[in-house]
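Source file: input-v4.txt. Holds: compact mmCIF, C-alpha atoms and all ligand atoms.
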# COMPACT_ATOMS: atom_id res chain seq x y z
CA MET A 13 38.77 74.68 -57.81
CA ARG A 14 37.07 77.80 -59.13
CA VAL A 15 33.64 78.32 -60.60
CA THR A 16 32.94 81.70 -62.19
CA PRO A 17 30.39 83.84 -60.30
CA ARG A 18 27.36 84.92 -62.35
CA TYR A 19 24.36 87.19 -61.77
CA ILE A 20 26.50 89.45 -59.59
CA GLN A 21 27.70 92.85 -60.86
CA PRO A 22 29.32 96.07 -59.63
CA ALA A 23 26.78 98.60 -58.35
CA ASP A 24 26.79 101.81 -56.29
CA GLY A 25 27.86 100.75 -52.78
CA GLY A 26 29.16 97.28 -53.64
CA LEU A 27 28.02 94.34 -55.77
CA ARG A 28 24.44 93.63 -56.78
CA CYS A 29 23.41 89.96 -56.82
CA ASP A 30 20.47 89.30 -59.17
CA LEU A 31 20.25 85.56 -58.59
CA CYS A 32 17.24 85.57 -56.28
CA PRO A 33 14.46 88.09 -55.50
CA HIS A 34 16.39 89.54 -52.54
CA ARG A 35 18.67 91.27 -55.08
CA CYS A 36 21.22 91.93 -52.33
CA LEU A 37 23.57 94.91 -52.46
CA ILE A 38 26.72 93.39 -50.98
CA ALA A 39 29.31 95.73 -49.43
CA ASP A 40 33.05 94.94 -49.55
CA GLY A 41 33.92 92.16 -47.13
CA ARG A 42 30.29 91.11 -46.66
CA SER A 43 28.03 88.33 -47.90
CA GLY A 44 24.50 88.42 -49.24
CA PHE A 45 21.44 87.32 -47.27
CA CYS A 46 22.17 83.67 -48.13
CA GLY A 47 25.62 83.90 -46.55
CA VAL A 48 27.45 82.30 -49.47
CA ARG A 49 27.84 85.00 -52.14
CA THR A 50 30.51 87.47 -51.16
CA ASN A 51 32.11 90.79 -52.08
CA SER A 52 35.85 90.35 -51.72
CA GLY A 53 37.67 93.62 -52.44
CA GLY A 54 35.03 94.62 -54.97
CA LYS A 55 35.12 91.25 -56.73
CA PRO A 56 32.43 88.56 -56.51
CA ASP A 57 33.56 85.48 -54.63
CA LEU A 58 31.91 82.12 -53.90
CA PRO A 59 33.87 80.77 -50.92
CA TYR A 60 31.39 77.92 -50.37
CA ALA A 61 31.34 76.71 -53.97
CA GLY A 62 31.79 72.96 -53.99
CA LEU A 63 31.97 72.70 -50.21
CA LEU A 64 29.66 69.75 -49.65
CA SER A 65 28.03 69.40 -46.24
CA THR A 66 26.85 65.92 -47.21
CA ALA A 67 27.36 63.35 -49.95
CA ALA A 68 25.35 60.15 -49.58
CA LEU A 69 23.35 57.52 -51.41
CA ASP A 70 19.68 57.92 -50.48
CA PRO A 71 16.45 56.26 -51.52
CA ILE A 72 14.82 58.61 -54.01
CA GLU A 73 11.68 58.45 -51.88
CA LYS A 74 13.59 60.47 -49.26
CA LYS A 75 13.76 63.58 -51.52
CA PRO A 76 10.70 62.97 -51.70
CA LEU A 77 10.08 61.80 -55.25
CA TYR A 78 7.51 59.00 -55.59
CA HIS A 79 6.92 59.09 -59.35
CA TYR A 80 10.53 59.18 -60.57
CA HIS A 81 12.71 56.05 -60.58
CA PRO A 82 10.74 54.52 -57.67
CA GLY A 83 12.73 52.21 -55.42
CA GLU A 84 16.13 53.41 -56.72
CA MET A 85 19.02 55.04 -54.86
CA ILE A 86 20.20 58.53 -55.75
CA TYR A 87 23.63 60.10 -55.11
CA SER A 88 22.71 63.17 -53.05
CA ILE A 89 24.79 66.22 -52.19
CA GLY A 90 24.14 69.13 -49.85
CA PHE A 91 25.76 72.51 -49.33
CA TYR A 92 25.62 75.39 -46.80
CA GLY A 93 23.40 78.47 -46.69
CA CYS A 94 19.90 79.42 -47.74
CA ASN A 95 18.05 82.46 -49.07
CA LEU A 96 15.06 81.95 -46.76
CA ARG A 97 14.94 82.04 -42.95
CA CYS A 98 12.34 79.41 -42.05
CA PRO A 99 12.37 79.40 -38.23
CA PHE A 100 11.28 75.74 -38.30
CA CYS A 101 14.04 74.66 -40.74
CA GLN A 102 14.47 70.90 -40.55
CA ASN A 103 18.11 71.20 -41.79
CA TYR A 104 19.13 74.39 -39.95
CA ALA A 105 22.65 73.19 -38.99
CA ILE A 106 23.76 73.44 -42.61
CA SER A 107 21.26 75.96 -44.03
CA GLN A 108 21.44 78.62 -41.29
CA GLU A 109 24.27 77.89 -38.88
CA PHE A 110 26.99 76.74 -41.28
CA ILE A 111 28.17 74.05 -38.90
CA ARG A 112 31.23 73.01 -40.87
CA GLY A 113 32.75 69.64 -41.56
CA GLY A 114 32.25 69.41 -45.29
CA GLU A 115 34.63 68.42 -48.04
CA ARG A 116 35.35 70.41 -51.15
CA ARG A 117 34.70 68.88 -54.57
CA SER A 118 35.05 70.28 -58.06
CA PRO A 119 32.15 69.83 -60.49
CA GLU A 120 34.27 67.22 -62.32
CA GLU A 121 34.95 65.27 -59.10
CA THR A 122 31.28 65.44 -58.10
CA ALA A 123 30.05 64.10 -61.44
CA ALA A 124 32.72 61.37 -61.38
CA GLU A 125 31.77 60.33 -57.83
CA ALA A 126 28.10 60.18 -58.76
CA ALA A 127 28.90 57.99 -61.76
CA GLY A 128 31.12 55.76 -59.61
CA SER A 129 28.41 55.37 -56.97
CA GLY A 130 26.28 53.32 -59.34
CA SER A 131 23.41 55.79 -59.03
CA PHE A 132 21.47 56.98 -62.07
CA GLY A 133 22.02 60.64 -61.19
CA ILE A 134 22.70 63.42 -58.72
CA ALA A 135 20.23 65.07 -56.34
CA TYR A 136 21.08 68.61 -55.23
CA THR A 137 19.39 68.69 -51.85
CA TYR A 138 19.55 68.94 -48.00
CA SER A 139 20.14 72.75 -47.73
CA GLU A 140 19.25 75.26 -50.50
CA PRO A 141 21.15 74.29 -53.65
CA LEU A 142 20.07 77.26 -55.80
CA VAL A 143 22.31 79.76 -54.00
CA HIS A 144 25.17 77.64 -55.43
CA PHE A 145 23.83 78.23 -58.93
CA GLU A 146 27.22 78.24 -60.70
CA PHE A 147 28.40 75.00 -59.12
CA LEU A 148 25.06 73.37 -59.99
CA MET A 149 25.17 74.55 -63.59
CA GLU A 150 28.69 73.20 -64.13
CA THR A 151 28.12 69.94 -62.28
CA ALA A 152 24.74 69.28 -63.92
CA ALA A 153 26.20 69.80 -67.41
CA LEU A 154 29.04 67.36 -66.67
CA ALA A 155 26.59 64.87 -65.17
CA ARG A 156 24.51 64.99 -68.36
CA GLU A 157 27.64 64.28 -70.43
CA ARG A 158 28.08 61.12 -68.36
CA GLY A 159 24.46 60.10 -68.95
CA LEU A 160 23.38 60.93 -65.41
CA LYS A 161 20.09 62.58 -64.41
CA ASN A 162 19.91 65.80 -62.37
CA ILE A 163 17.40 66.27 -59.58
CA LEU A 164 16.70 69.53 -57.76
CA VAL A 165 15.24 69.72 -54.25
CA SER A 166 14.68 73.38 -53.52
CA ASN A 167 12.61 76.24 -52.13
CA GLY A 168 12.20 77.61 -55.67
CA PHE A 169 13.01 81.20 -54.60
CA LEU A 170 14.94 82.35 -57.65
CA ASN A 171 14.69 85.01 -60.36
CA PRO A 172 13.20 83.99 -63.72
CA GLU A 173 16.34 84.07 -65.89
CA PRO A 174 18.53 81.81 -63.72
CA ALA A 175 15.44 79.67 -63.04
CA ALA A 176 15.06 78.96 -66.76
CA GLU A 177 18.78 78.16 -67.01
CA ILE A 178 18.93 75.76 -64.11
CA LEU A 179 15.68 74.00 -64.98
CA SER A 180 16.94 73.37 -68.51
CA LEU A 181 19.52 71.02 -66.92
CA MET A 182 17.19 69.33 -64.42
CA ASP A 183 15.34 66.07 -65.13
CA ALA A 184 13.21 66.08 -61.99
CA ALA A 185 12.48 68.44 -59.13
CA ASN A 186 10.76 68.54 -55.80
CA ILE A 187 9.93 72.16 -54.92
CA ASP A 188 8.62 73.36 -51.57
CA LEU A 189 5.39 75.32 -51.53
CA LYS A 190 5.52 76.24 -47.86
CA SER A 191 2.29 78.23 -47.76
CA PHE A 192 -0.17 79.98 -50.04
CA SER A 193 0.10 83.18 -48.01
CA ASP A 194 2.44 85.92 -49.21
CA ASP A 195 2.26 87.35 -45.69
CA PHE A 196 3.59 84.06 -44.22
CA TYR A 197 6.38 83.95 -46.83
CA ARG A 198 7.34 87.57 -46.06
CA ARG A 199 7.00 87.74 -42.27
CA THR A 200 8.03 84.24 -41.26
CA LEU A 201 10.28 82.98 -44.06
CA LYS A 202 11.72 86.34 -45.22
CA GLY A 203 10.87 85.66 -48.84
CA SER A 204 7.77 86.11 -50.96
CA LEU A 205 5.22 83.82 -52.59
CA ALA A 206 4.99 85.00 -56.21
CA PRO A 207 8.56 84.01 -57.30
CA VAL A 208 8.03 80.51 -55.87
CA LEU A 209 4.75 80.12 -57.79
CA ASP A 210 6.53 81.29 -60.95
CA PHE A 211 9.33 78.77 -60.38
CA ILE A 212 6.79 75.97 -59.92
CA ARG A 213 4.92 77.01 -63.10
CA LEU A 214 8.20 76.86 -65.03
CA ALA A 215 9.29 73.58 -63.46
CA ALA A 216 5.93 72.00 -64.38
CA ARG A 217 6.66 72.79 -68.04
CA LYS A 218 10.35 71.85 -68.09
CA THR A 219 10.84 68.82 -65.88
CA HIS A 220 9.21 66.05 -63.88
CA LEU A 221 7.79 67.93 -60.90
CA GLU A 222 6.62 66.96 -57.43
CA VAL A 223 5.79 69.49 -54.69
CA THR A 224 6.13 69.37 -50.89
CA THR A 225 4.23 71.31 -48.25
CA LEU A 226 5.51 70.99 -44.69
CA VAL A 227 2.33 71.21 -42.61
CA ILE A 228 2.80 73.15 -39.37
CA PRO A 229 -0.01 73.29 -36.77
CA GLY A 230 -1.59 76.74 -36.59
CA GLN A 231 0.62 78.17 -39.34
CA ASN A 232 -0.35 76.77 -42.73
CA ASP A 233 -2.73 73.94 -41.85
CA SER A 234 -6.17 75.35 -42.61
CA VAL A 235 -8.32 73.37 -45.06
CA ARG A 236 -8.77 76.64 -46.96
CA GLU A 237 -5.03 77.15 -47.47
CA ILE A 238 -4.33 73.53 -48.42
CA GLY A 239 -7.23 73.80 -50.87
CA GLU A 240 -5.59 76.88 -52.42
CA ILE A 241 -2.28 75.04 -52.81
CA ALA A 242 -3.99 72.02 -54.36
CA ARG A 243 -6.10 74.14 -56.74
CA PHE A 244 -3.03 76.07 -57.88
CA LEU A 245 -1.18 72.82 -58.68
CA ALA A 246 -4.25 71.27 -60.30
CA GLY A 247 -4.43 74.32 -62.58
CA LEU A 248 -0.97 73.35 -63.87
CA ASP A 249 -1.56 69.59 -63.94
CA PRO A 250 -3.83 67.61 -61.59
CA GLU A 251 -1.34 64.72 -61.76
CA ILE A 252 1.49 66.66 -60.04
CA PRO A 253 2.23 64.61 -56.89
CA LEU A 254 1.85 66.63 -53.67
CA HIS A 255 3.67 65.50 -50.52
CA MET A 256 2.15 66.82 -47.31
CA SER A 257 4.92 66.38 -44.76
CA CYS A 258 4.53 66.43 -41.01
CA TYR A 259 6.61 69.04 -39.21
CA VAL A 260 8.55 68.20 -36.02
CA PRO A 261 9.86 70.97 -33.69
CA ARG A 262 13.30 72.14 -34.85
CA TYR A 263 15.49 75.24 -34.81
CA LYS A 264 13.53 78.20 -33.36
CA TYR A 265 10.05 76.66 -33.45
CA ARG A 266 8.49 74.98 -30.43
CA VAL A 267 5.05 74.49 -31.99
CA ARG A 268 3.93 70.89 -31.37
CA ALA A 269 4.57 68.25 -34.03
CA THR A 270 1.98 67.61 -36.73
CA THR A 271 0.00 64.42 -36.14
CA GLY A 272 -1.65 61.97 -38.51
CA SER A 273 -5.07 63.20 -37.42
CA ASP A 274 -4.08 66.81 -38.24
CA LEU A 275 -3.21 65.63 -41.72
CA LEU A 276 -6.38 63.63 -42.49
CA PRO A 277 -8.78 66.49 -43.41
CA LEU A 278 -5.97 68.18 -45.34
CA LEU A 279 -5.22 65.07 -47.37
CA HIS A 280 -8.93 64.75 -48.04
CA GLU A 281 -9.15 68.36 -49.25
CA ALA A 282 -6.04 68.11 -51.46
CA ARG A 283 -7.36 64.86 -53.01
CA ARG A 284 -10.47 66.71 -54.16
CA HIS A 285 -8.23 68.54 -56.64
CA LEU A 286 -5.13 66.38 -57.18
CA VAL A 287 -4.82 62.73 -58.18
CA TYR A 288 -1.66 61.85 -56.21
CA VAL A 289 -1.41 63.23 -52.66
CA TYR A 290 0.89 61.59 -50.11
CA PRO A 291 1.48 62.01 -46.37
CA GLY A 292 5.15 62.43 -45.42
CA ASN A 293 7.27 62.02 -42.25
CA ILE A 294 4.59 59.82 -40.74
CA ALA A 295 3.20 56.33 -41.11
CA GLY A 296 0.19 56.48 -43.38
CA ASP A 297 -1.13 55.46 -46.74
CA ALA A 298 1.70 56.43 -49.09
CA ASP A 299 0.84 53.80 -51.71
CA THR A 300 0.15 54.71 -55.32
CA ARG A 301 -3.15 53.43 -56.71
CA CYS A 302 -4.52 53.56 -60.21
CA PRO A 303 -6.94 56.50 -60.30
CA ARG A 304 -9.15 54.63 -62.80
CA CYS A 305 -9.51 51.07 -61.47
CA GLY A 306 -8.08 51.44 -57.94
CA ALA A 307 -5.41 48.73 -58.39
CA LEU A 308 -2.43 48.95 -56.06
CA LEU A 309 0.46 50.07 -58.27
CA ILE A 310 3.28 50.76 -55.77
CA ARG A 311 3.30 49.78 -52.10
CA ARG A 312 5.48 51.91 -49.78
CA SER A 313 6.44 51.33 -46.20
CA GLY A 314 8.99 53.86 -44.98
CA TYR A 315 11.56 53.80 -47.76
CA ARG A 316 10.70 50.21 -48.72
CA VAL A 317 9.10 50.14 -52.14
CA GLU A 318 7.35 47.28 -53.87
CA ILE A 319 6.18 47.61 -57.45
CA VAL A 320 2.91 45.68 -57.55
CA HIS A 321 0.68 46.34 -60.57
CA GLU A 322 2.72 48.94 -62.42
CA ALA A 323 4.77 48.28 -65.54
CA GLY A 324 6.47 50.82 -67.78
CA GLY A 325 4.33 53.70 -66.55
CA PHE A 326 1.01 51.92 -67.03
CA CYS A 327 -1.45 50.28 -64.67
CA GLY A 328 -0.93 46.53 -65.00
CA ASN A 329 -4.63 45.94 -64.33
CA CYS A 330 -6.54 48.36 -66.59
CA GLY A 331 -3.74 49.83 -68.75
CA LYS A 332 -4.18 53.46 -67.68
CA GLU A 333 -1.05 55.59 -68.23
CA ILE A 334 0.46 56.69 -64.92
CA PRO A 335 2.77 59.74 -64.60
CA LEU A 336 5.82 57.76 -63.56
CA ARG A 337 9.22 58.21 -65.18
CA ARG A 338 12.31 56.02 -65.28
CA GLU A 339 14.02 57.18 -68.48
S1 LIG B 401 21.37 84.56 -53.96
FE1 LIG B 401 22.11 85.27 -51.95
S2 LIG B 401 23.34 87.10 -52.38
FE2 LIG B 401 22.12 86.66 -54.22
S3 LIG B 401 20.29 87.94 -54.00
FE3 LIG B 401 19.79 85.92 -53.15
S4 LIG B 401 20.25 86.04 -50.95
FE4 LIG B 401 21.24 87.79 -51.96

Would you kindly transcribe this structure into structure tokens?
Amino acid sequence: MRVTPRYIQPADGGLRCDLCPHRCLIADGRSGFCGVRTNSGGKPDLPYAGLLSTAALDPIEKKPLYHYHPGEMIYSIGFYGCNLRCPFCQNYAISQEFIRGGERRSPEETAAEAAGSGSFGIAYTYSEPLVHFEFLMETAALARERGLKNILVSNGFLNPEPAAEILSLMDAANIDLKSFSDDFYRRTLKGSLAPVLDFIRLAARKTHLEVTTLVIPGQNDSVREIGEIARFLAGLDPEIPLHMSCYVPRYKYRVRATTGSDLLPLLHEARRHLVYVYPGNIAGDADTRCPRCGALLIRRSGYRVEIVHEAGGFCGNCGKEIPLRRE
């Protein structure tokens, strides 16, 4: 199985990868910062293309997506590698440490397996899918031919041209906005904020979008910062769902876990600007209510979902249109 490498060209000293803002110069025999895009004798190589760390049927609420095909299962695949270095990564075994055990699939096999699973689509998720841009582009196009939907779960750290290409094939996305501080993105995550904001702006125009912020005590949990995140999203569309997930200690971080009481003032602040704000990774009110009449539309308990007063994207009580897609 071979996918053709793109956004990677000969340059003085090796190959230049222009896929993400790192713009790595990759010497012969080495890989870029993400660990998956390689210079092999002066030629670009993608040795991890199609090597799936995971393939599973998940509730779509696990992505998390709450306003897209609620209550349905989604065929979900994961890869290896990442172009950020979050020291609290919740999936570090596959994103940073390349703990192997995966199985290789071609784009054709992946699309066929998704169709055979009975799911309505494919979610590209678990580690960072965007560093496998070529595999995603090919698989997503084949999935569309089969009538399947494509769903991206990503850090959104990509250059504008490939971002426009990949989003043109995506039907829904959940993008991380890990902080509103460029300093935090640079020092702690080894990325930068502006490209992620640009990716989110583009995704809001091109696809169904939900956003996740992993709330870490003492790092990104000030009311001021959460307010900045919520105001930025509200400037795009106040009905973009925001998931505020609780962090638990993983990888290199020993900061204590986020608690429900940490989250309360942050949820309150975000709800001043956004209509749909949900706690994640913790028991709490994750129901969807009609913003006009208050009727309970969707009840959620863990990944159990009950559609109560919602029908066809409208409130069953007062008729208000709700941003909720199933097509
Ligand atoms: S995708 Fe990987 S190799 Fe390319 S610029 Fe980003 S980190 Fe570097």

| task | Determine, counting all atoms listed in the file, which protein, DNA and RNA residues have an atom within 9 Å of an atom of Glu318 in chain A; residues of the same chain fewer than 2 positions away are not included. Present the result as a ChimeraX atom specification. | result | /A:82-83,309-313,316,320

Mind listing the residues within 6 Å of ligand LIG 401 (chain B), all atoms listed in the file counted, as a PDB file with C-alpha atoms, in the coordinates of the input?
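Writing the result to part-v8.pdb gives the following:
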ATOM      1  CA  CYS A  29      23.410  89.960 -56.820  1.00  0.00           C
ATOM      2  CA  ASP A  30      20.470  89.300 -59.170  1.00  0.00           C
ATOM      3  CA  LEU A  31      20.250  85.560 -58.590  1.00  0.00           C
ATOM      4  CA  CYS A  32      17.240  85.570 -56.280  1.00  0.00           C
ATOM      5  CA  HIS A  34      16.390  89.540 -52.540  1.00  0.00           C
ATOM      6  CA  ARG A  35      18.670  91.270 -55.080  1.00  0.00           C
ATOM      7  CA  CYS A  36      21.220  91.930 -52.330  1.00  0.00           C
ATOM      8  CA  GLY A  44      24.500  88.420 -49.240  1.00  0.00           C
ATOM      9  CA  PHE A  45      21.440  87.320 -47.270  1.00  0.00           C
ATOM     10  CA  CYS A  46      22.170  83.670 -48.130  1.00  0.00           C
ATOM     11  CA  ARG A  49      27.840  85.000 -52.140  1.00  0.00           C
ATOM     12  CA  ASN A  95      18.050  82.460 -49.070  1.00  0.00           C
ATOM     13  CA  VAL A 143      22.310  79.760 -54.000  1.00  0.00           C
TER      14      VAL A 143
END

Distance table requested - range 203-262 of chain A against range 165-178 of chain A, cut-off 6 Å, all atoms listed in the file: one row per qualifying residue with the closest atom pair and its distance in Å to one decimal, ordered by chain and rising residue number, as a tab-separated table.
residue	atom	partner	partner_atom	distance
A:Pro207	CA	A:Phe169	CA	5.9
A:Val208	CA	A:Gly168	CA	5.1
A:Phe211	CA	A:Gly168	CA	5.6

| request: Give me, please, the distance in Å between CA of Asn162 in chain A and CA of Met182 in chain A, quoted to one decimal. | output: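 Between CA of Asn162 in chain A and CA of Met182 in chain A the gap is 4.9 Å.
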
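Between Arg116 in chain A and the candidates A:Arg97, A:Arg42, A:Arg14, A:Arg283, the tightest atom-to-atom separation, counting all atoms listed in the file, involves A:Arg14.
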
| message | So that I can see what lies close to Tyr87 in chain A, please list as a list of chain:residue names the residues with an atom at most 10 Å from it, counting all atoms listed in the file and leaving out residues fewer than 5 positions away in the same chain. | response |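 The residues that qualify are A:Ala67, A:Ala68, A:Leu69, A:Asp70, A:Pro71, A:Ile72, A:Thr122, A:Ala123, A:Glu125, A:Ala126, A:Ala127, A:Gly128, A:Ser129, A:Gly130, A:Ser131, A:Phe132, A:Gly133, A:Ile134, A:Ala135, A:Tyr136, A:Asn162, A:Ile163.
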
| task | Give me the residues within 12 Å of range 268-272 of chain A as a PyMOL selection string, counting all atoms listed in the file and dropping any in the same chain fewer than 6 places off. | result | chain A and resi 100+226-233+256-262+278-279+290-297

| field | Within 9 Å of file point (2.9, 88.7, -48.5), counting only C-alpha atoms, expressed as a PyMOL selection string | value | chain A and resi 193-199+203-206

| Please, what distance in Å, to one decimal, runs between CA of Leu181 in chain A and CA of Ser88 in chain A? | 16.3 Å

| query | Smallest atom-to-atom distance to Lys190 in chain A: which of A:Ser43, A:Asn103, A:Thr225, A:Thr66, using only C-alpha atoms? | reply |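 Ranked by minimum distance to Lys190 in chain A, first place goes to A:Thr225.
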
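Minimum distance to Leu254 in chain A across A:Ile89, A:Leu221, A:Val267, A:Cys327 (counting only C-alpha atoms) occurs at A:Leu221.
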
| Any idea what's packed within 8 Å of Leu336 in chain A, counting all atoms listed in the file, ignoring anything in its chain fewer than 5 positions away? Could you give it as a list in words? |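 Answer for this query is His79, Tyr80, His81 and Gly325 of chain A.
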
Export, as a PDB file, in the coordinates of the input, the selected residues with C-alpha atoms.
ATOM      1  CA  HIS A  79       6.920  59.090 -59.350  1.00  0.00           C
ATOM      2  CA  TYR A  80      10.530  59.180 -60.570  1.00  0.00           C
ATOM      3  CA  HIS A  81      12.710  56.050 -60.580  1.00  0.00           C
ATOM      4  CA  GLY A 325       4.330  53.700 -66.550  1.00  0.00           C
TER       5      GLY A 325
END

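With CA of Tyr92 in chain A on one side and CA of Gly62 in chain A on the other, the separation reads 9.8 Å.
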
| said: Using only C-alpha atoms for the distances, tell me which of A:Arg243, A:Thr50, A:Pro99, A:Glu157 is nearest to Lys264 in chain A. | reply: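 Looking at the shortest contact to Lys264 in chain A, the residue is A:Pro99.
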
| task | Choose the residue, out of A:Arg28, A:Asp299, A:Leu308, A:Thr137, that has the smallest atom-to-atom separation from Ala323 in chain A; count only C-alpha atoms. | result |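 With only C-alpha atoms as the atom set, the closest residue is A:Leu308.
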
| query | Which is closer to His220 in chain A than all the others in A:Lys75, A:His255, A:His280, A:Arg337, using only C-alpha atoms? | reply |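 Checking each of A:Lys75, A:His255, A:His280, A:Arg337 against His220 in chain A, counting only C-alpha atoms, the winner is A:Arg337.
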
| task | Would you kindly identify which residues have an atom no farther than 7 Å from (10.5, 57.5, -49.6), using all atoms listed in the file and the file's own coordinates, and write them out as number ranges by chain? | result | A: 71-74, 76, 78, 314-315

| query | Do you know which residues are at most 9 Å from Glu120 in chain A counting all atoms listed in the file, after dropping those on the same chain fewer than 5 positions away, and could you put them as a PyMOL selection string? | reply | chain A and resi 125+150-151+154-155
